[in-house]
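The next block is start-v1.txt, given as compact mmCIF, C-alpha atoms.
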```
# COMPACT_ATOMS: atom_id res chain seq x y z
CA MET A 159 0.00 0.00 0.00
CA LYS A 160 1.31 3.42 -0.95
CA ILE A 161 1.20 5.85 1.99
CA GLN A 162 2.27 9.45 1.68
CA GLN A 163 1.99 12.71 3.58
CA SER A 164 0.58 16.04 2.39
CA ALA A 165 3.10 18.82 1.76
CA SER A 166 1.97 20.81 4.80
CA LEU A 167 2.33 17.76 7.06
CA GLN A 168 5.85 17.06 5.78
CA GLU A 169 6.83 20.56 6.91
CA ASN A 170 5.76 19.79 10.48
CA GLY A 171 8.38 17.39 11.88
CA GLN A 172 6.59 16.36 15.08
CA TRP A 173 3.26 15.59 13.45
CA SER A 174 4.93 14.02 10.43
CA ALA A 175 6.80 11.57 12.68
CA LEU A 176 3.61 10.79 14.60
CA ALA A 177 1.84 9.82 11.36
CA ALA A 178 4.81 7.86 10.02
CA ARG A 179 4.93 5.71 13.17
CA LYS A 180 1.45 4.35 12.28
CA ASP A 181 2.17 3.46 8.65
CA ARG A 182 3.09 -0.15 9.42
CA LEU A 183 -0.08 -0.66 11.47
CA LEU A 184 -2.09 0.94 8.70
CA GLU A 185 -0.67 -1.39 6.05
CA ASN A 186 -1.27 -4.48 8.18
CA GLU A 187 -4.79 -3.65 9.29
CA LEU A 188 -6.15 -2.29 6.01
CA ASP A 189 -4.43 -5.02 4.01
CA LEU A 190 -5.24 -3.33 0.70
CA PRO A 191 -2.06 -3.52 -1.39
CA THR A 192 -3.48 -1.42 -4.24
CA ALA A 193 -4.98 1.31 -2.07
CA GLU A 194 -3.38 4.72 -1.55
CA GLY A 195 -3.29 6.55 1.77
CA THR A 196 -2.45 10.19 2.48
CA TRP A 197 -1.95 11.73 5.89
CA GLU A 198 -3.00 15.35 6.26
CA LEU A 199 -2.68 17.77 9.19
CA THR A 200 -5.90 19.69 9.78
CA GLN A 201 -7.97 21.39 12.54
CA ASP A 202 -11.28 20.72 14.26
CA TYR A 203 -14.05 23.21 15.06
CA TYR A 204 -12.08 24.48 18.09
CA LYS A 205 -8.88 24.89 16.00
CA ASN A 206 -7.25 21.88 17.67
CA PRO A 207 -4.89 20.13 15.23
CA PHE A 208 -5.47 16.48 14.29
CA LEU A 209 -4.37 14.03 11.62
CA ARG A 210 -6.72 12.99 8.85
CA LEU A 211 -6.06 9.84 6.85
CA HIS A 212 -7.46 9.81 3.29
CA VAL A 213 -7.70 6.39 1.64
CA ARG A 214 -8.72 5.58 -1.92
CA ASP A 215 -8.73 2.26 -3.72
CA PRO A 216 -8.90 1.34 -7.41
CA LEU A 217 -12.49 0.05 -6.95
CA HIS A 218 -13.80 3.61 -6.49
CA GLY A 219 -13.59 3.49 -2.68
CA ARG A 220 -12.91 6.77 -0.87
CA SER A 221 -12.98 7.54 2.83
CA THR A 222 -11.22 9.40 5.58
CA CYS A 223 -10.56 8.85 9.25
CA ASP A 224 -9.59 11.48 11.83
CA PHE A 225 -7.20 10.87 14.72
CA SER A 226 -6.29 13.11 17.65
CA PRO A 227 -2.77 12.62 19.10
CA GLY A 228 -4.30 10.76 22.06
CA GLU A 229 -6.14 8.36 19.77
CA LEU A 230 -3.01 7.72 17.71
CA ALA A 231 -1.17 6.72 20.86
CA ASN A 232 -3.63 3.86 21.43
CA ASP A 233 -3.20 1.05 18.88
CA THR A 234 -6.50 -0.58 19.89
CA ILE A 235 -8.41 2.58 18.98
CA VAL A 236 -6.44 2.98 15.75
CA THR A 237 -7.04 -0.65 14.75
CA THR A 238 -10.79 -0.44 15.42
CA ARG A 239 -11.06 2.79 13.41
CA LEU A 240 -9.07 1.32 10.51
CA HIS A 241 -11.43 -1.65 10.32
CA GLN A 242 -14.39 0.77 10.19
CA LEU A 243 -12.60 2.74 7.50
CA LYS A 244 -12.05 -0.41 5.45
CA ASP A 245 -15.77 -1.31 5.64
CA ALA A 246 -16.68 2.25 4.65
CA LEU A 247 -14.23 2.16 1.75
CA VAL A 248 -15.97 -0.91 0.30
CA ARG A 249 -19.42 0.59 0.74
CA VAL A 250 -18.44 3.95 -0.80
CA GLY A 251 -16.88 2.10 -3.74
CA LYS A 252 -20.09 0.12 -4.36
CA TRP A 253 -22.16 3.30 -4.04
CA ARG A 254 -20.06 5.22 -6.56
CA GLN A 255 -20.46 2.35 -9.02
CA GLU A 256 -24.22 2.23 -8.41
CA LEU A 257 -24.40 5.97 -9.06
CA GLU A 258 -22.72 5.52 -12.43
CA ARG A 259 -25.29 2.85 -13.34
CA PHE A 260 -28.13 5.05 -12.10
CA TYR A 261 -26.97 8.12 -14.04
CA ALA A 262 -26.82 6.01 -17.22
CA GLN A 263 -30.40 4.88 -16.50
CA VAL A 264 -31.51 8.49 -15.89
CA ARG A 265 -30.00 9.61 -19.20
CA GLN A 266 -31.79 6.75 -20.92
CA TRP A 267 -35.15 7.64 -19.33
CA LEU A 268 -34.72 11.32 -20.18
CA THR A 269 -34.44 10.53 -23.91
CA LYS A 270 -38.27 10.41 -23.71
CA PHE A 271 -38.39 14.00 -22.45
CA PRO A 272 -40.14 16.36 -24.88
CA HIS A 273 -37.33 18.97 -24.90
CA PRO A 274 -33.63 18.61 -25.74
CA ILE A 275 -31.45 18.06 -22.68
CA GLU A 276 -27.89 19.00 -21.85
CA TYR A 277 -25.97 17.02 -19.24
CA THR A 278 -22.96 17.98 -17.20
CA GLU A 279 -21.31 16.10 -14.35
CA ASP A 280 -19.33 17.54 -11.49
CA SER A 281 -18.14 16.21 -8.18
CA ILE A 282 -19.32 16.99 -4.65
CA THR A 283 -17.83 16.01 -1.32
CA LEU A 284 -19.99 14.42 1.35
CA ASN A 285 -19.10 13.84 4.98
CA GLU A 286 -20.68 10.98 6.91
CA VAL A 287 -19.81 9.69 10.35
CA ALA A 288 -19.21 6.16 9.09
CA SER A 289 -16.97 7.09 6.16
CA GLY A 290 -15.57 10.55 6.74
CA LEU A 291 -15.14 12.59 3.57
CA TYR A 292 -15.71 11.12 0.13
CA ASP A 293 -16.47 12.56 -3.26
CA VAL A 294 -19.28 11.46 -5.55
CA PRO A 295 -20.36 12.49 -9.03
CA ARG A 296 -23.40 14.74 -9.43
CA LEU A 297 -25.43 14.86 -12.63
CA ILE A 298 -26.81 18.22 -13.77
CA VAL A 299 -29.69 18.24 -16.23
CA GLU A 300 -30.64 21.40 -18.13
CA THR A 301 -33.56 21.77 -20.50
CA ASP A 302 -35.62 24.60 -21.83
CA GLY A 303 -33.90 27.07 -19.48
CA TYR A 304 -34.60 24.94 -16.38
CA LYS A 305 -32.08 23.07 -14.29
CA MET A 306 -32.22 19.98 -12.05
CA ARG A 307 -29.40 18.38 -10.10
CA VAL A 308 -29.35 14.63 -9.48
CA GLU A 309 -27.41 14.85 -6.23
CA PRO A 310 -26.32 12.03 -3.90
CA THR A 311 -26.96 12.98 -0.27
CA ALA A 312 -25.90 9.97 1.80
CA ILE A 313 -25.14 6.25 1.92
CA TRP A 314 -25.98 5.68 5.59
CA VAL A 315 -29.71 6.41 5.48
CA MET A 316 -32.42 5.24 7.88
CA GLY A 317 -34.02 2.14 6.38
CA ALA A 318 -32.20 2.31 3.01
CA ASP A 319 -28.79 1.76 1.40
CA GLY A 320 -28.35 5.19 -0.15
CA GLU A 321 -30.15 8.36 -1.11
CA VAL A 322 -30.12 10.72 -4.06
CA GLN A 323 -32.19 13.87 -4.29
CA LEU A 324 -33.50 15.55 -7.39
CA LYS A 325 -33.00 19.25 -6.72
CA GLY A 326 -34.67 21.82 -8.90
CA ILE A 327 -37.70 23.74 -7.78
CA GLY A 328 -38.00 21.89 -4.50
CA SER A 329 -36.36 18.55 -3.91
CA MET A 330 -37.50 14.95 -4.39
CA ILE A 331 -36.12 11.99 -2.47
CA LEU A 332 -35.00 8.80 -4.21
CA ARG A 333 -33.94 5.88 -2.03
CA TYR A 334 -31.74 2.98 -3.06
CA PHE A 335 -32.05 -0.57 -1.66
CA GLU A 336 -29.34 -3.11 -2.44
CA ASN A 337 -31.96 -5.84 -2.79
CA GLY A 338 -34.68 -3.78 -4.38
CA GLY A 339 -33.31 -1.01 -6.58
CA TRP A 340 -34.55 2.59 -6.63
CA TYR A 341 -37.71 4.05 -5.07
CA TYR A 342 -39.31 7.49 -4.85
CA LEU A 343 -40.25 8.61 -1.32
CA PRO A 344 -42.73 11.50 -1.16
CA ILE A 345 -42.57 13.56 2.05
CA GLN A 346 -46.15 12.94 3.05
CA ILE A 347 -47.95 10.64 5.43
CA PRO A 348 -48.52 7.75 5.29
CA TYR A 349 -44.93 6.76 4.43
CA THR A 350 -45.09 5.08 1.02
CA LEU A 351 -42.24 4.04 -1.25
CA HIS A 352 -42.98 3.98 -4.99
CA GLU A 353 -40.84 1.80 -7.23
CA LEU A 354 -38.99 4.08 -9.64
CA THR A 355 -40.12 3.31 -13.17
CA GLU A 356 -39.40 5.33 -16.28
CA GLU A 357 -42.87 6.87 -16.17
CA LEU A 358 -42.62 7.83 -12.51
CA PHE A 359 -39.12 9.24 -12.94
CA LEU A 360 -40.27 11.44 -15.83
CA ASP A 361 -43.22 12.71 -13.74
CA VAL A 362 -41.02 13.50 -10.76
CA ALA A 363 -38.31 15.08 -12.92
CA GLU A 364 -40.87 17.27 -14.68
CA GLU A 365 -42.28 18.41 -11.35
CA CYS A 366 -38.81 19.17 -10.09
CA LEU A 367 -37.73 21.03 -13.23
CA TYR A 368 -40.83 23.17 -13.67
CA GLY A 369 -42.11 23.36 -10.10
CA GLY A 370 -45.46 21.75 -10.84
CA MET B 10 -56.75 5.06 22.51
CA ALA B 11 -55.81 8.47 21.18
CA GLY B 12 -55.05 9.49 17.60
CA ASN B 13 -51.49 10.08 16.45
CA PRO B 14 -50.13 13.29 18.02
CA LEU B 15 -47.28 13.31 15.47
CA ASP B 16 -49.56 13.84 12.45
CA GLU B 17 -50.14 17.51 13.18
CA VAL B 18 -46.40 18.23 12.91
CA MET B 19 -46.24 16.61 9.48
CA GLU B 20 -49.24 18.61 8.35
CA TRP B 21 -47.66 22.00 9.16
CA PHE B 22 -44.34 20.75 7.79
CA GLN B 23 -46.07 19.97 4.50
CA THR B 24 -47.52 23.49 4.43
CA ALA B 25 -44.13 25.05 5.14
CA ARG B 26 -42.43 22.88 2.48
CA ASP B 27 -45.04 23.89 -0.08
CA ALA B 28 -44.52 27.56 0.84
CA ILE B 29 -40.77 27.25 0.33
CA ARG B 30 -41.32 25.49 -2.98
CA VAL B 31 -43.77 28.14 -4.21
CA THR B 32 -41.27 30.85 -3.27
CA GLU B 33 -38.52 28.99 -5.14
CA ARG B 34 -40.78 28.86 -8.17
CA ILE B 35 -41.44 32.62 -7.91
CA VAL B 36 -37.71 33.30 -7.72
CA THR B 37 -36.74 30.88 -10.50
CA GLN B 38 -39.48 31.91 -12.88
CA LYS B 39 -39.02 35.60 -12.03
CA ILE B 40 -42.73 36.15 -11.45
CA PRO B 41 -43.20 39.93 -11.44
CA ARG B 42 -44.24 41.92 -8.35
CA ALA B 43 -44.22 38.81 -6.11
CA ILE B 44 -41.07 39.89 -4.30
CA ILE B 45 -41.14 43.37 -2.84
CA ARG B 46 -38.54 45.45 -1.00
CA LYS B 47 -39.34 44.19 2.47
CA HIS B 48 -38.72 40.56 1.49
CA ARG B 49 -35.39 38.98 2.26
CA PHE B 50 -35.01 37.95 -1.39
CA HIS B 51 -35.29 41.47 -2.76
CA GLY B 52 -32.23 42.50 -4.76
CA GLN B 53 -30.53 39.10 -4.39
CA SER B 54 -29.47 36.83 -7.24
CA GLU B 55 -31.55 33.76 -8.09
CA ALA B 56 -28.74 31.50 -6.84
CA ALA B 57 -28.51 33.36 -3.51
CA CYS B 58 -32.29 33.17 -3.03
CA CYS B 59 -32.33 29.42 -3.78
CA GLU B 60 -29.46 28.89 -1.35
CA LEU B 61 -31.41 30.73 1.38
CA LEU B 62 -34.47 28.58 0.71
CA THR B 63 -32.53 25.29 0.62
CA SER B 64 -30.74 26.11 3.84
CA SER B 65 -34.02 27.08 5.52
CA LEU B 66 -35.63 23.81 4.45
CA ASP B 67 -32.68 21.83 5.88
CA LYS B 68 -32.94 23.67 9.20
CA LEU B 69 -36.72 23.29 9.22
CA THR B 70 -36.37 19.52 8.69
CA HIS B 71 -33.98 19.35 11.66
CA HIS B 72 -36.48 21.17 13.84
CA VAL B 73 -39.37 19.02 12.67
CA ILE B 74 -37.44 15.92 13.76
CA LEU B 75 -36.67 17.67 17.05
CA GLY B 76 -40.39 18.43 17.46
CA LEU B 77 -41.54 14.92 16.51
CA THR B 78 -39.13 13.39 19.02
CA ALA B 79 -40.22 15.82 21.77
CA ILE B 80 -43.90 14.95 21.23
CA PHE B 81 -43.05 11.24 21.14
CA GLU B 82 -41.17 11.58 24.43
CA ARG B 83 -44.00 13.52 26.11
CA THR B 84 -46.54 10.96 24.90
CA LEU B 85 -44.56 8.03 26.31
CA ARG B 86 -43.91 9.71 29.67
CA ASP B 87 -47.59 10.67 30.00
CA HIS B 88 -48.55 7.07 29.17
CA LEU B 89 -46.22 5.76 31.89
CA ARG B 90 -47.65 8.20 34.42
CA LYS B 91 -51.10 6.70 33.80
CA SER B 92 -49.85 3.16 34.39
CA PRO B 93 -52.06 1.07 36.74
CA VAL B 94 -48.93 0.34 38.77
CA LEU B 95 -49.04 3.97 39.82
CA MET B 96 -52.61 3.71 41.11
CA ALA B 97 -54.63 6.73 42.19
CA PRO B 98 -53.81 8.41 45.53
CA THR B 99 -54.87 6.18 48.42
CA GLY B 100 -55.05 8.74 51.21
CA ASP B 101 -52.15 6.98 52.96
CA PRO B 102 -49.47 9.68 53.33
CA HIS B 103 -46.61 7.17 52.97
CA LEU B 104 -47.95 5.43 49.83
CA ASP B 105 -49.01 8.70 48.25
CA GLY B 106 -45.59 10.19 48.97
CA VAL B 107 -43.84 7.26 47.28
CA ARG B 108 -46.22 7.51 44.32
CA SER B 109 -45.61 11.24 44.01
CA GLU B 110 -41.82 10.77 44.02
CA ILE B 111 -41.99 8.05 41.34
CA LEU B 112 -44.16 10.29 39.16
CA LYS B 113 -41.57 13.08 39.47
CA ASP B 114 -38.74 10.64 38.73
CA ILE B 115 -40.34 9.48 35.48
CA GLU B 116 -39.53 12.89 34.02
CA PHE B 117 -35.83 12.19 34.48
CA TRP B 118 -35.62 8.62 33.16
CA ASN B 119 -33.31 8.56 30.17
CA LEU B 120 -35.48 8.27 27.06
CA SER B 121 -33.17 6.10 24.99
CA ALA B 122 -31.77 3.84 27.71
CA ARG B 123 -34.79 3.43 29.99
CA VAL B 124 -38.13 4.68 28.70
CA VAL B 125 -38.12 2.93 25.30
CA GLU B 126 -37.06 -0.30 27.05
CA LEU B 127 -40.28 -0.39 29.08
CA PHE B 128 -42.39 -1.51 26.12
CA PRO B 129 -41.63 -5.20 25.43
CA SER B 130 -44.44 -5.39 22.88
CA VAL B 131 -42.38 -3.19 20.56
CA ASP B 132 -40.23 -5.02 18.01
CA GLY B 133 -36.51 -4.85 18.81
CA ASN B 134 -35.71 -3.47 15.38
CA VAL B 135 -38.21 -0.62 15.85
CA ARG B 136 -36.68 0.17 19.26
CA GLY B 137 -33.28 0.34 17.56
CA LEU B 138 -34.55 2.74 14.89
CA VAL B 139 -36.17 4.92 17.56
CA ARG B 140 -32.85 5.06 19.43
CA GLN B 141 -31.21 6.26 16.20
CA ILE B 142 -33.86 8.99 15.88
CA ILE B 143 -33.17 10.07 19.47
CA GLU B 144 -29.45 10.15 18.68
CA TYR B 145 -30.23 12.33 15.66
CA ARG B 146 -32.39 14.59 17.87
CA ASN B 147 -29.43 14.95 20.24
CA TRP B 148 -27.17 15.83 17.32
CA VAL B 149 -29.61 18.52 16.16
CA ALA B 150 -29.86 19.89 19.69
CA HIS B 151 -26.19 19.79 20.63
CA GLY B 152 -23.84 18.68 17.89
CA HIS B 153 -24.56 20.08 14.47
CA SER B 154 -23.58 23.64 15.32
CA LEU B 155 -20.08 22.35 16.12
CA GLY B 156 -19.62 21.17 12.56
CA THR B 157 -19.98 17.47 13.33
CA SER B 158 -21.70 15.18 10.83
CA ALA B 159 -25.17 13.77 11.42
CA PRO B 160 -25.10 10.22 12.85
CA LEU B 161 -27.06 9.12 9.77
CA LYS B 162 -29.32 10.57 7.07
CA LEU B 163 -32.84 10.96 8.31
CA GLU B 164 -35.88 12.74 6.89
CA ALA B 165 -38.90 13.90 8.89
CA ILE B 166 -41.01 11.24 7.17
CA ASP B 167 -38.63 8.51 8.46
CA ALA B 168 -38.90 9.87 12.00
CA HIS B 169 -42.69 10.10 11.78
CA ARG B 170 -42.99 6.56 10.45
CA ASN B 171 -40.80 4.85 13.04
CA LEU B 172 -41.95 6.88 16.05
CA THR B 173 -45.55 6.15 15.02
CA THR B 174 -44.83 2.42 14.63
CA PHE B 175 -43.38 2.41 18.15
CA LEU B 176 -46.42 4.18 19.63
CA VAL B 177 -48.80 1.75 17.89
CA GLN B 178 -46.86 -1.38 18.90
CA ALA B 179 -46.60 -0.04 22.46
CA GLY B 180 -50.39 0.29 22.54
CA VAL B 181 -50.20 4.01 23.20
CA ILE B 182 -52.12 5.07 20.07
CA SER B 183 -54.49 3.34 17.66
CA PRO B 184 -53.11 1.88 14.41
```

Represent the structure from my file as structure tokens, please.
Amino acid sequence: MKIQQSASLQENGQWSALAARKDRLLENELDLPTAEGTWELTQDYYKNPFLRLHVRDPLHGRSTCDFSPGELANDTIVTTRLHQLKDALVRVGKWRQELERFYAQVRQWLTKFPHPIEYTEDSITLNEVASGLYDVPRLIVETDGYKMRVEPTAIWVMGADGEVQLKGIGSMILRYFENGGWYYLPIQIPYTLHELTEELFLDVAEECLYGG
Amino acid sequence: MAGNPLDEVMEWFQTARDAIRVTERIVTQKIPRAIIRKHRFHGQSEAACCELLTSSLDKLTHHVILGLTAIFERTLRDHLRKSPVLMAPTGDPHLDGVRSEILKDIEFWNLSARVVELFPSVDGNVRGLVRQIIEYRNWVAHGHSLGTSAPLKLEAIDAHRNLTTFLVQAGVISP
């Protein structure tokens, strides 16, 4: 596993040495020979410095893990956190792949839209407790002077395995289930999930684009 | 049994969501004379107005979950106070004193660790989800202003659904 330090961390001898002392443990516990890790020195809300470990693997996994100096001194804590990070890395990787499949499906469905559509993709960074920071692609749909973003919001969602929101005029919630695919969840009682079909997606997208 | 006390929150939330959405439509479609000088959106770009509305909706959702959890908590504590175990005053100063102290103590029982555990008829999975909602409520109340991430992604409709399921399975409200 390739492990490096950010430029700003390399300039700080004490912190740099602290991170380097954990590299062996990191390699053993993560056991991901093709992954890449980067240590970074950063600050929390109260301006206290801490070390952040960024990990990415070739299977689209991305995640981070934060360590205070006290936590780094305890190998049991570090080991537990690295195992969590490894689980998160796998889940983020699967999610990023699912998003690619979903965006291809969305583009396919939108070929039935009555107006020409332009697509762009950018990247946004999300921060979840289980995974730390990770970036995901966001699809932006523009038609007839109106814009809608197909924007991932989370992987760790109550009762589901991921969430994307359609954001235009208002926002619509789409939930993903590993064993069931994609569903639309209206924010109204009673709680009802609607399986996302082409017809339903086009209705929801139209409502989101034009504010119907 | 009573009706669901959580429904009212979702009804006003729906109204507020619709109001935000209508405003977003006014801003996006540049509907003339809808925004006047005293409005917060006056003189601001479309992007800035949409950002204000999105941020308000996020904060509103947090507070709806806070409100749903508070009503859920009050409903459960009131239900416990009416428990037959805590029978009506007997006229015996000792027994009535003990009863009075227990009733006061109920207000301080930890919701997540003690109160939700007193309803064995509730499915263990539902109890777990309710604990996650309480954790989210605590994050809204104490953590999110410090820049920490939410413990998980939760919408008001998820909170309503699972808190309602708990109340029904506990026999506190009608299905």

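Proximity of A:Ile345, A:Leu324, A:Lys252, A:Asp181 to Val264 of chain A, computed with only C-alpha atoms, is greatest for A:Leu324.
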
- Message: Within 6 Å of (-38.6, 2.3, 15.7) (file coordinates; only C-alpha atoms), which protein or nucleic acid residues are there? I'd like them as a PyMOL selection string.
- Response: chain B and resi 135-139+171-172+175

- Item | chain A residues near chain B (8 Å cut-off, only C-alpha atoms) as a PyMOL selection string | chain A and resi 203+285-287+312-316+327-328+345-349+368-369

As lines of an AutoDock Vina configuration file: centre and edge lengths in Å, one decimal, of the axis-aligned box holding segment 308-321 of chain A with 6 Å per side:
```
center_x = -29.6
center_y = 8.3
center_z = -0.8
size_x = 20.9
size_y = 25.1
size_z = 29.4
```

What lies within 9 Å of Arg108 of chain B using all atoms listed in the file, ignoring chain neighbours under 6 positions off, as a tab-separated table (two decimals) with C-alpha atoms, keeping the file's coordinate frame?
```tsv
chain	number	residue	atom	x	y	z
B	95	LEU	CA	-49.04	3.97	39.82
B	96	MET	CA	-52.61	3.71	41.11
B	97	ALA	CA	-54.63	6.73	42.19
B	98	PRO	CA	-53.81	8.41	45.53
```
